[in-house]
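Shown next: entry.tsv, given as TSV, C-alpha atoms.
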```tsv
chain	number	residue	atom	x	y	z
T	184	MET	CA	12.45	2.28	47.11
T	185	LYS	CA	15.20	4.37	48.69
T	186	LYS	CA	18.83	3.64	49.50
T	187	SER	CA	18.23	4.77	53.08
T	188	ASP	CA	15.64	2.00	53.49
T	189	PHE	CA	18.59	-0.44	53.69
T	190	ASP	CA	20.69	1.20	56.38
T	191	PHE	CA	21.77	-0.35	59.69
T	192	ASP	CA	24.27	0.49	62.42
T	193	LEU	CA	27.45	-1.57	62.26
T	194	PRO	CA	30.22	-1.16	64.84
T	195	PRO	CA	33.55	-1.02	62.94
T	196	GLU	CA	35.10	-3.68	65.18
T	197	LEU	CA	32.69	-6.28	63.74
T	198	ILE	CA	34.25	-5.97	60.27
T	199	ALA	CA	36.46	-9.06	59.96
T	200	GLN	CA	40.03	-8.08	59.09
T	201	ALA	CA	41.37	-11.64	58.64
T	202	PRO	CA	39.98	-15.14	58.12
T	203	LEU	CA	39.57	-17.66	60.90
T	204	ALA	CA	42.12	-20.47	61.18
T	205	GLU	CA	39.63	-22.92	59.61
T	206	ARG	CA	37.30	-22.04	56.75
T	207	SER	CA	34.27	-23.92	58.11
T	208	ALA	CA	34.71	-22.60	61.68
T	209	SER	CA	32.56	-19.54	60.94
T	210	ARG	CA	29.21	-18.98	62.57
T	211	LEU	CA	25.99	-19.45	60.62
T	212	LEU	CA	22.78	-17.50	61.12
T	213	LEU	CA	19.91	-19.76	60.05
T	214	LEU	CA	16.93	-17.81	58.70
T	215	ASP	CA	13.65	-19.66	58.15
T	216	VAL	CA	11.65	-17.12	56.17
T	217	ALA	CA	8.33	-18.98	56.20
T	218	ALA	CA	8.36	-19.45	59.97
T	219	GLY	CA	9.85	-16.04	60.69
T	220	ARG	CA	12.51	-17.85	62.74
T	221	ARG	CA	16.26	-17.53	63.20
T	222	GLU	CA	18.87	-19.68	64.94
T	223	ASP	CA	22.52	-19.13	65.81
T	224	ARG	CA	24.47	-22.12	64.49
T	225	MET	CA	27.90	-23.02	63.09
T	226	PHE	CA	28.79	-23.25	59.40
T	227	ARG	CA	30.09	-26.80	59.73
T	228	GLU	CA	26.49	-27.80	60.66
T	229	LEU	CA	25.36	-26.97	57.10
T	230	PRO	CA	24.97	-30.61	55.93
T	231	GLY	CA	22.26	-31.13	58.56
T	232	PHE	CA	20.08	-28.44	56.96
T	233	LEU	CA	20.25	-29.95	53.48
T	234	ARG	CA	18.57	-33.07	52.10
T	235	PRO	CA	19.81	-35.82	49.79
T	236	GLY	CA	19.02	-34.64	46.27
T	237	ASP	CA	19.49	-30.93	47.02
T	238	LEU	CA	21.88	-28.99	44.78
T	239	LEU	CA	24.45	-26.38	45.81
T	240	VAL	CA	25.46	-24.03	43.00
T	241	PHE	CA	28.92	-22.47	43.42
T	242	ASN	CA	30.72	-19.67	41.57
T	243	ASP	CA	34.00	-21.17	40.32
T	244	THR	CA	35.63	-17.85	39.38
T	245	ARG	CA	39.26	-17.44	40.42
T	246	VAL	CA	40.52	-14.18	41.91
T	247	LEU	CA	43.47	-12.59	40.15
T	248	PRO	CA	46.22	-10.84	42.18
T	249	ALA	CA	44.83	-7.68	40.64
T	250	ARG	CA	46.46	-4.85	42.65
T	251	LEU	CA	49.65	-3.37	41.20
T	252	TYR	CA	51.90	-0.49	42.23
T	253	GLY	CA	53.86	1.85	40.00
T	254	ARG	CA	54.91	5.41	39.30
T	255	LYS	CA	53.93	8.06	36.77
T	256	GLU	CA	56.59	9.66	34.58
T	257	SER	CA	56.51	12.60	37.00
T	258	GLY	CA	57.45	10.24	39.84
T	259	GLY	CA	54.05	10.22	41.57
T	260	ALA	CA	52.97	6.93	43.10
T	261	VAL	CA	50.12	5.03	41.43
T	262	GLU	CA	47.99	2.14	42.68
T	263	VAL	CA	46.40	0.13	39.87
T	264	LEU	CA	43.37	-2.05	40.62
T	265	ILE	CA	42.30	-4.21	37.70
T	266	GLU	CA	38.55	-4.04	37.16
T	267	ARG	CA	38.50	-6.38	34.19
T	268	VAL	CA	41.01	-8.00	31.86
T	269	THR	CA	39.85	-7.08	28.35
T	270	GLY	CA	42.65	-8.60	26.26
T	271	ALA	CA	46.02	-10.31	26.47
T	272	HIS	CA	47.67	-6.97	27.33
T	273	GLU	CA	44.75	-4.67	28.13
T	274	ALA	CA	42.47	-4.02	31.10
T	275	THR	CA	39.93	-1.64	32.56
T	276	VAL	CA	41.25	-0.36	35.89
T	277	GLN	CA	40.76	1.96	38.82
T	278	LEU	CA	43.71	4.24	39.54
T	279	GLY	CA	44.68	5.48	42.98
T	280	VAL	CA	46.71	8.57	42.20
T	281	SER	CA	46.89	12.21	43.33
T	282	LYS	CA	46.42	13.60	39.81
T	283	LYS	CA	44.71	11.56	37.13
T	284	PRO	CA	46.94	10.77	34.12
T	285	LYS	CA	46.00	11.88	30.61
T	286	GLU	CA	45.61	9.69	27.55
T	287	GLY	CA	49.04	8.50	26.47
T	288	GLY	CA	50.46	8.78	29.98
T	289	ARG	CA	52.78	5.99	31.08
T	290	ILE	CA	52.98	4.15	34.39
T	291	GLU	CA	56.19	2.30	35.27
T	292	LEU	CA	55.64	-0.98	37.18
T	293	ALA	CA	57.95	-2.69	39.67
T	294	ASP	CA	59.69	-4.86	37.04
T	295	GLY	CA	60.44	-1.90	34.75
T	296	SER	CA	57.63	-2.62	32.30
T	297	HIS	CA	55.04	0.07	31.52
T	298	ALA	CA	51.31	0.53	31.23
T	299	VAL	CA	49.97	3.15	28.81
T	300	VAL	CA	46.72	5.03	29.43
T	301	LEU	CA	44.43	4.49	26.42
T	302	GLY	CA	41.49	6.52	27.71
T	303	ARG	CA	38.63	6.56	30.20
T	304	ASP	CA	35.42	4.55	30.31
T	305	GLU	CA	32.61	5.35	32.80
T	306	GLY	CA	34.99	6.42	35.57
T	307	PHE	CA	37.53	3.67	34.87
T	308	PHE	CA	40.77	3.91	32.91
T	309	ARG	CA	41.76	1.69	29.99
T	310	LEU	CA	45.39	0.57	30.09
T	311	ARG	CA	47.66	-1.33	27.71
T	312	PHE	CA	50.46	-3.23	29.44
T	313	GLU	CA	53.74	-3.22	27.49
T	314	ALA	CA	55.17	-6.46	28.80
T	315	PRO	CA	56.31	-9.60	26.94
T	316	GLU	CA	54.03	-11.91	28.94
T	317	PRO	CA	50.20	-11.83	28.91
T	318	LEU	CA	48.61	-9.67	31.59
T	319	GLU	CA	47.44	-12.62	33.70
T	320	LYS	CA	51.05	-13.85	33.98
T	321	LEU	CA	52.25	-10.33	34.78
T	322	LEU	CA	49.73	-10.17	37.62
T	323	LEU	CA	50.95	-13.48	39.01
T	324	LYS	CA	54.48	-12.04	39.05
T	325	LEU	CA	53.79	-8.52	40.36
T	326	GLY	CA	50.24	-8.43	41.67
T	327	GLU	CA	48.85	-8.36	45.19
T	328	MET	CA	45.58	-9.98	46.22
T	329	PRO	CA	42.91	-7.23	45.96
T	330	LEU	CA	41.46	-7.25	49.47
T	331	PRO	CA	38.28	-5.15	49.79
T	332	PRO	CA	38.54	-1.51	50.91
T	333	TYR	CA	37.06	-2.26	54.34
T	334	ILE	CA	39.98	-4.59	55.20
T	335	GLU	CA	42.48	-2.09	56.58
T	336	ARG	CA	45.74	-3.86	55.86
T	337	HIS	CA	47.85	-4.94	52.93
T	338	ALA	CA	47.37	-8.45	51.60
T	339	ASP	CA	49.97	-10.98	52.77
T	340	ASP	CA	50.98	-14.43	51.54
T	341	SER	CA	48.15	-16.15	53.43
T	342	ASP	CA	45.55	-14.14	51.48
T	343	MET	CA	46.73	-15.76	48.25
T	344	GLU	CA	45.11	-18.94	49.55
T	345	ARG	CA	42.36	-17.71	51.86
T	346	TYR	CA	40.87	-15.00	49.62
T	347	GLN	CA	40.17	-17.78	47.13
T	348	THR	CA	37.64	-20.61	47.24
T	349	VAL	CA	38.95	-24.18	47.26
T	350	PHE	CA	37.00	-24.84	44.02
T	351	ALA	CA	38.20	-21.74	42.11
T	352	ARG	CA	39.25	-22.63	38.56
T	353	GLU	CA	38.26	-19.91	36.03
T	354	PRO	CA	40.56	-16.86	36.41
T	355	GLY	CA	39.02	-13.43	35.95
T	356	ALA	CA	37.61	-12.04	39.22
T	357	VAL	CA	39.08	-9.18	41.21
T	358	ALA	CA	36.94	-9.87	44.28
T	359	ALA	CA	36.12	-13.23	45.86
T	360	PRO	CA	32.66	-14.83	45.84
T	361	THR	CA	32.86	-14.74	49.62
T	362	ALA	CA	30.09	-17.17	50.59
T	363	GLY	CA	32.23	-19.89	49.01
T	364	LEU	CA	35.18	-19.12	51.30
T	365	HIS	CA	33.55	-21.10	54.14
T	366	PHE	CA	33.78	-24.43	52.30
T	367	ASP	CA	36.80	-26.68	52.88
T	368	GLU	CA	37.46	-30.17	51.55
T	369	PRO	CA	36.19	-32.04	54.67
T	370	LEU	CA	32.90	-30.12	54.55
T	371	LEU	CA	32.51	-30.75	50.83
T	372	ALA	CA	33.12	-34.46	51.47
T	373	GLN	CA	30.38	-34.51	54.14
T	374	LEU	CA	27.96	-32.86	51.73
T	375	ARG	CA	28.74	-35.42	49.01
T	376	GLU	CA	28.21	-38.26	51.49
T	377	ARG	CA	24.83	-36.79	52.37
T	378	GLY	CA	23.81	-36.92	48.71
T	379	VAL	CA	23.98	-33.19	48.02
T	380	GLY	CA	24.90	-32.33	44.44
T	381	PHE	CA	27.29	-29.61	43.25
T	382	GLY	CA	26.89	-27.36	40.23
T	383	TYR	CA	28.91	-24.38	39.00
T	384	VAL	CA	28.46	-21.03	37.31
T	385	THR	CA	31.21	-18.57	36.49
T	386	LEU	CA	30.72	-14.90	37.31
T	387	HIS	CA	33.85	-12.78	37.35
T	388	VAL	CA	33.28	-10.42	40.26
T	389	GLY	CA	34.51	-6.92	39.44
T	390	ALA	CA	35.77	-4.13	41.68
T	391	GLY	CA	32.49	-2.38	40.89
T	392	THR	CA	30.84	-4.65	43.46
T	393	PHE	CA	32.25	-2.28	46.13
T	394	GLN	CA	30.97	0.89	44.45
T	395	PRO	CA	28.41	2.64	46.68
T	396	VAL	CA	24.85	3.30	45.60
T	397	ARG	CA	24.91	7.06	45.04
T	398	ALA	CA	21.29	7.65	43.99
T	399	GLU	CA	18.76	7.82	46.83
T	400	ASN	CA	16.04	6.60	44.47
T	401	LEU	CA	16.97	3.01	43.53
T	402	SER	CA	15.39	3.35	40.09
T	403	GLU	CA	18.17	5.83	39.26
T	404	HIS	CA	21.07	3.55	40.24
T	405	HIS	CA	23.41	2.51	37.41
T	406	MET	CA	24.54	-1.08	38.09
T	407	HIS	CA	28.08	-2.21	37.25
T	408	ARG	CA	28.75	-4.84	34.56
T	409	GLU	CA	30.03	-8.35	35.25
T	410	TRP	CA	30.74	-11.25	32.88
T	411	LEU	CA	29.12	-14.62	33.54
T	412	ASN	CA	28.60	-18.07	32.09
T	413	VAL	CA	25.70	-20.39	32.91
T	414	GLY	CA	26.35	-23.59	30.99
T	415	ALA	CA	23.85	-25.99	29.43
T	416	SER	CA	25.01	-28.80	31.76
T	417	LEU	CA	24.09	-26.75	34.84
T	418	VAL	CA	20.70	-25.83	33.38
T	419	GLU	CA	19.99	-29.55	32.90
T	420	GLN	CA	21.32	-30.36	36.38
T	421	ILE	CA	18.93	-27.83	37.95
T	422	ARG	CA	16.03	-29.15	35.88
T	423	ARG	CA	16.71	-32.72	37.03
T	424	THR	CA	17.10	-31.64	40.66
T	425	ARG	CA	13.73	-29.92	40.76
T	426	ALA	CA	11.99	-32.68	38.80
T	427	ALA	CA	13.15	-35.13	41.50
T	428	GLY	CA	11.90	-32.88	44.32
T	429	GLY	CA	15.29	-31.45	45.28
T	430	ARG	CA	16.03	-27.85	46.16
T	431	VAL	CA	18.51	-25.47	44.54
T	432	PHE	CA	20.69	-23.38	46.86
T	433	ALA	CA	22.88	-20.56	45.57
T	434	VAL	CA	26.22	-20.21	47.32
T	435	GLY	CA	26.52	-16.45	47.24
T	436	THR	CA	24.78	-13.49	45.67
T	437	THR	CA	26.97	-13.79	42.58
T	438	VAL	CA	25.30	-17.11	41.80
T	439	VAL	CA	21.87	-15.49	42.20
T	440	ARG	CA	22.89	-12.71	39.81
T	441	ALA	CA	24.16	-15.26	37.28
T	442	LEU	CA	21.10	-17.51	37.40
T	443	GLU	CA	18.60	-14.65	37.33
T	444	SER	CA	20.43	-13.09	34.38
T	445	ALA	CA	20.02	-16.41	32.55
T	446	THR	CA	16.31	-16.68	33.39
T	447	VAL	CA	13.72	-15.62	30.82
T	448	ASP	CA	9.99	-15.70	31.66
T	449	GLY	CA	10.70	-17.89	34.69
T	450	GLU	CA	12.77	-20.45	32.76
T	451	LEU	CA	16.53	-20.90	33.06
T	452	HIS	CA	18.55	-21.01	29.83
T	453	PRO	CA	22.27	-21.31	29.02
T	454	PHE	CA	23.81	-17.86	28.83
T	455	ALA	CA	27.28	-16.34	28.49
T	456	GLY	CA	27.80	-12.59	28.45
T	457	GLU	CA	27.56	-9.48	30.56
T	458	THR	CA	24.93	-8.61	33.13
T	459	GLN	CA	23.88	-5.37	34.80
T	460	ILE	CA	20.95	-6.94	36.62
T	461	PHE	CA	19.86	-5.04	39.75
T	462	ILE	CA	17.79	-7.10	42.18
T	463	PHE	CA	15.94	-5.35	44.99
T	464	PRO	CA	12.56	-5.82	46.75
T	465	GLY	CA	9.76	-6.01	44.23
T	466	TYR	CA	11.85	-8.33	42.04
T	467	ARG	CA	10.76	-11.98	42.27
T	468	ILE	CA	13.69	-14.42	42.40
T	469	THR	CA	12.68	-17.70	40.72
T	470	SER	CA	15.95	-19.48	39.91
T	471	ILE	CA	16.77	-20.69	43.46
T	472	ASP	CA	15.05	-22.09	46.52
T	473	GLY	CA	17.51	-20.79	49.12
T	474	LEU	CA	20.74	-18.90	49.61
T	475	ILE	CA	24.00	-19.14	51.55
T	476	THR	CA	25.55	-15.70	51.87
T	477	ASN	CA	27.78	-13.49	53.98
T	478	PHE	CA	26.69	-10.28	55.71
T	479	HIS	CA	26.77	-7.26	53.42
T	480	LEU	CA	27.48	-3.53	53.61
T	481	PRO	CA	24.75	-1.09	54.73
T	482	GLN	CA	22.88	0.43	51.77
T	483	SER	CA	24.58	-2.00	49.36
T	484	THR	CA	23.08	-3.66	46.30
T	485	LEU	CA	23.84	-7.05	47.87
T	486	LEU	CA	21.78	-6.27	50.97
T	487	MET	CA	19.01	-5.19	48.61
T	488	LEU	CA	19.29	-8.51	46.75
T	489	VAL	CA	18.91	-10.67	49.88
T	490	SER	CA	16.02	-8.44	50.96
T	491	ALA	CA	14.28	-9.28	47.68
T	492	LEU	CA	14.52	-12.96	48.69
T	493	ALA	CA	13.63	-12.74	52.38
T	494	GLY	CA	11.87	-9.38	52.80
T	495	ARG	CA	13.44	-6.09	53.85
T	496	GLU	CA	12.15	-5.90	57.43
T	497	PHE	CA	12.90	-9.56	58.14
T	498	MET	CA	16.42	-9.17	56.78
T	499	LEU	CA	17.18	-5.92	58.60
T	500	ASP	CA	15.93	-7.50	61.83
T	501	ALA	CA	18.32	-10.41	61.20
T	502	TYR	CA	21.18	-7.95	60.70
T	503	ARG	CA	20.35	-6.18	63.97
T	504	HIS	CA	20.41	-9.58	65.69
T	505	ALA	CA	23.78	-10.38	64.08
T	506	VAL	CA	25.20	-7.11	65.42
T	507	GLU	CA	23.87	-7.81	68.92
T	508	GLN	CA	25.36	-11.32	68.84
T	509	ARG	CA	28.71	-10.03	67.58
T	510	TYR	CA	28.80	-11.87	64.27
T	511	ARG	CA	31.78	-11.10	62.03
T	512	PHE	CA	30.85	-9.10	58.92
T	513	PHE	CA	31.78	-8.93	55.23
T	514	SER	CA	34.30	-10.92	53.16
T	515	TYR	CA	36.20	-12.76	55.93
T	516	GLY	CA	33.17	-12.79	58.22
T	517	ASP	CA	30.38	-15.20	59.14
T	518	ALA	CA	27.51	-16.46	56.99
T	519	MET	CA	23.77	-16.94	56.90
T	520	LEU	CA	21.57	-19.63	55.39
T	521	ILE	CA	18.24	-18.35	54.09
T	522	LEU	CA	15.86	-21.29	53.88
T	523	PRO	CA	13.18	-21.19	51.20
T	524	ARG	CA	9.62	-20.22	51.95
T	525	GLY	CA	7.61	-23.27	52.90
T	526	ALA	CA	10.72	-25.44	53.41
```
The structure in this file should be written as structure tokens.
Amino acid sequence: MKKSDFDFDLPPELIAQAPLAERSASRLLLLDVAAGRREDRMFRELPGFLRPGDLLVFNDTRVLPARLYGRKESGGAVEVLIERVTGAHEATVQLGVSKKPKEGGRIELADGSHAVVLGRDEGFFRLRFEAPEPLEKLLLKLGEMPLPPYIERHADDSDMERYQTVFAREPGAVAAPTAGLHFDEPLLAQLRERGVGFGYVTLHVGAGTFQPVRAENLSEHHMHREWLNVGASLVEQIRRTRAAGGRVFAVGTTVVRALESATVDGELHPFAGETQIFIFPGYRITSIDGLITNFHLPQSTLLMLVSALAGREFMLDAYRHAVEQRYRFFSYGDAMLILPRGA
């Protein structure tokens, strides 16, 4: 398949630049794949589409304030975006700078501490942070929430809360698992009362999730790496859910990536490690029965993933409908619920 097979026209004004006042106030596009049907609903109606005994699987990763600002020894400004924390004082990063620093170059941060360039790795830089506190604490002191490149403003204090799910607990991501941003405590309480179960994976979303697909032929695309953990308790929880006739819904494409990476010959197993899995039409997703997700970028790997679940033409038609109906797109935008075939 080709990258251009996943293009659609998106007016720039539909890209959400800020969250709504309430998390669950977003709109929800309901997609019934088996019936070829769609409905315009509200996200807070979600409990009505689920059954007692169904299971929602969330990504409990916590977003780090991963954007830093500093200066090179020459005085040039540098923007540092953490891609991945690799040690107590080391990280793989993207650098926004007019002239790329050489190995051994030093970057002075706002508190006077320094980061030293150790080398390059597949387009990223490796830095060592010369600060007394561990890097995660340094980020909490100096860092800014790493809003995606299509949000055309600097992060403010409200983003520290809103670009984070209410169930985030495992620090390590530099981008939010955005489907989870729609859930607030009242909605979670309604789902519990309905008898819907909750399970959790951890997948630390990296800045590579925003990297464009550069190869026209999808077989030539080199997927970015992300670390994940699918625990034995979740594997057993999913097994029990399906044995009792319940359905498993992934909350976000990151959960799909995690579960499919932990699936071998159609069977889910505990797994912790890195994944470079690339899911696009022709790949058969077996780990879930349905998906809650946001709207994704044209020609993106995430649009390709949801097309593998629901079919490319059906999904692109849904996106055209969302544009016509003025849905809000991307991280702070609206959501869709893809119901399983035969549901």
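Residues of protein, DNA and RNA with at least one atom no farther than 12 Å from (22.6, 2.3, 38.5) are, using all atoms listed in the file, Lys186, Glu305, Gly391, Thr392, Gln394, Pro395, Val396, Arg397, Ala398, Glu399, Asn400, Leu401, Ser402, Glu403, His404, His405, Met406, His407, Arg408, Gln459, Ile460, Phe461, Ile462, Ser483 and Thr484 of chain T.
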Give me the residues within 9 Å of stretch 448-450 of chain T as a ChimeraX atom specification, counting all atoms listed in the file and dropping any in the same chain fewer than 4 places off.
/T:443,468-470
What are the closest atom pairs, with distances in Å to one decimal, for all residues of stretch 242-264 of chain T lying within 8 Å of stretch 358-379 of chain T? Consider all atoms listed in the file, order rows by chain and residue number, and present the result as a Markdown table.
```
| residue | atom | partner | partner_atom | distance |
| --- | --- | --- | --- | --- |
| T:Asn242 | CA | T:Pro360 | CA | 6.7 |
| T:Thr244 | CA | T:Pro360 | CA | 7.7 |
| T:Arg245 | CA | T:Ala359 | CA | 7.6 |
| T:Val246 | CA | T:Ala359 | CA | 6.0 |
```
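For the pair atom CA of T:Glu291 and atom CA of T:Gly253, the interatomic distance is 5.3 Å.
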So, with all atoms listed in the file as the atoms that count, which of T:Thr476, T:Gln482, T:Gln200, T:Gln420 lies closest to T:Pro331?
T:Gln200
May I ask for the distance between atom CA of T:Glu344 and atom CA of T:Leu239, given in Å to one decimal place?
22.3 Å
I'd like the neighbourhood of T:Ala260 as a PyMOL selection string, where a residue qualifies if any of its atoms comes within 10 Å (using all atoms listed in the file), though same-chain residues fewer than 4 positions away should be ignored.
chain T and resi 252-256+279-282+290-291
At a cut-off of 8 Å, using all atoms listed in the file, what residues contact stretch 507-523 of chain T? Leave out same-chain residues fewer than 2 positions from it and give the result as a compact mmCIF listing (two decimals) with C-alpha atoms, in the coordinates of the input.
```
# COMPACT_ATOMS: atom_id res chain seq x y z
CA LEU T 197 32.69 -6.28 63.74
CA ILE T 198 34.25 -5.97 60.27
CA ALA T 199 36.46 -9.06 59.96
CA GLN T 200 40.03 -8.08 59.09
CA ALA T 201 41.37 -11.64 58.64
CA PRO T 202 39.98 -15.14 58.12
CA LEU T 203 39.57 -17.66 60.90
CA SER T 209 32.56 -19.54 60.94
CA ARG T 210 29.21 -18.98 62.57
CA LEU T 211 25.99 -19.45 60.62
CA LEU T 212 22.78 -17.50 61.12
CA LEU T 213 19.91 -19.76 60.05
CA LEU T 214 16.93 -17.81 58.70
CA ASP T 215 13.65 -19.66 58.15
CA VAL T 216 11.65 -17.12 56.17
CA ALA T 217 8.33 -18.98 56.20
CA PHE T 226 28.79 -23.25 59.40
CA PRO T 331 38.28 -5.15 49.79
CA ALA T 359 36.12 -13.23 45.86
CA THR T 361 32.86 -14.74 49.62
CA ALA T 362 30.09 -17.17 50.59
CA LEU T 364 35.18 -19.12 51.30
CA ASP T 472 15.05 -22.09 46.52
CA GLY T 473 17.51 -20.79 49.12
CA LEU T 474 20.74 -18.90 49.61
CA ILE T 475 24.00 -19.14 51.55
CA THR T 476 25.55 -15.70 51.87
CA ASN T 477 27.78 -13.49 53.98
CA PHE T 478 26.69 -10.28 55.71
CA HIS T 479 26.77 -7.26 53.42
CA LEU T 480 27.48 -3.53 53.61
CA ALA T 493 13.63 -12.74 52.38
CA ARG T 503 20.35 -6.18 63.97
CA HIS T 504 20.41 -9.58 65.69
CA ALA T 505 23.78 -10.38 64.08
CA GLY T 525 7.61 -23.27 52.90
CA ALA T 526 10.72 -25.44 53.41
```
Identify which of the residues T:Arg345, T:Leu292, T:Glu316, T:Asp340 lies closest to T:Glu205, counting all atoms listed in the file when measuring atom-to-atom distances.
T:Arg345
List every protein, DNA or RNA residue that has an atom no more than 7 Å from (43.3, -2.1, 41.5) in the file's coordinate frame, counting only C-alpha atoms, and report them as a ChimeraX atom specification.
/T:249-251,262-266,276-278,329
Would you mind exporting the chosen residues as a short mmCIF file (atom, residue, chain, number, x, y, z; two decimals), in the coordinates of the input, restricted to C-alpha atoms?
```cif
data_model
loop_
_atom_site.label_atom_id
_atom_site.label_comp_id
_atom_site.auth_asym_id
_atom_site.auth_seq_id
_atom_site.Cartn_x
_atom_site.Cartn_y
_atom_site.Cartn_z
CA ALA T 249 44.83 -7.68 40.64
CA ARG T 250 46.46 -4.85 42.65
CA LEU T 251 49.65 -3.37 41.20
CA GLU T 262 47.99 2.14 42.68
CA VAL T 263 46.40 0.13 39.87
CA LEU T 264 43.37 -2.05 40.62
CA ILE T 265 42.30 -4.21 37.70
CA GLU T 266 38.55 -4.04 37.16
CA VAL T 276 41.25 -0.36 35.89
CA GLN T 277 40.76 1.96 38.82
CA LEU T 278 43.71 4.24 39.54
CA PRO T 329 42.91 -7.23 45.96
#
```
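Each of T:Pro315, T:Gly236, T:Gly494, T:Pro248 was compared to T:Gly428 using only C-alpha atoms, and T:Gly236 turns out to be the nearest.
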Residue neighbourhood T:Val388, 7 Å, all atoms listed in the file, exclusion window fewer than 2 positions, as a PDB file with C-alpha atoms, in the frame of the given file:
```
ATOM      1  CA  ALA T 356      37.610 -12.040  39.220  1.00  0.00           C
ATOM      2  CA  VAL T 357      39.080  -9.180  41.210  1.00  0.00           C
ATOM      3  CA  ALA T 358      36.940  -9.870  44.280  1.00  0.00           C
ATOM      4  CA  ALA T 359      36.120 -13.230  45.860  1.00  0.00           C
ATOM      5  CA  LEU T 386      30.720 -14.900  37.310  1.00  0.00           C
ATOM      6  CA  ALA T 390      35.770  -4.130  41.680  1.00  0.00           C
ATOM      7  CA  GLU T 409      30.030  -8.350  35.250  1.00  0.00           C
TER       8      GLU T 409
END
```
Coordinates-based distance that separates atom CA of T:Gly435 from atom CA of T:Arg224 (Å, one decimal)
18.3 Å
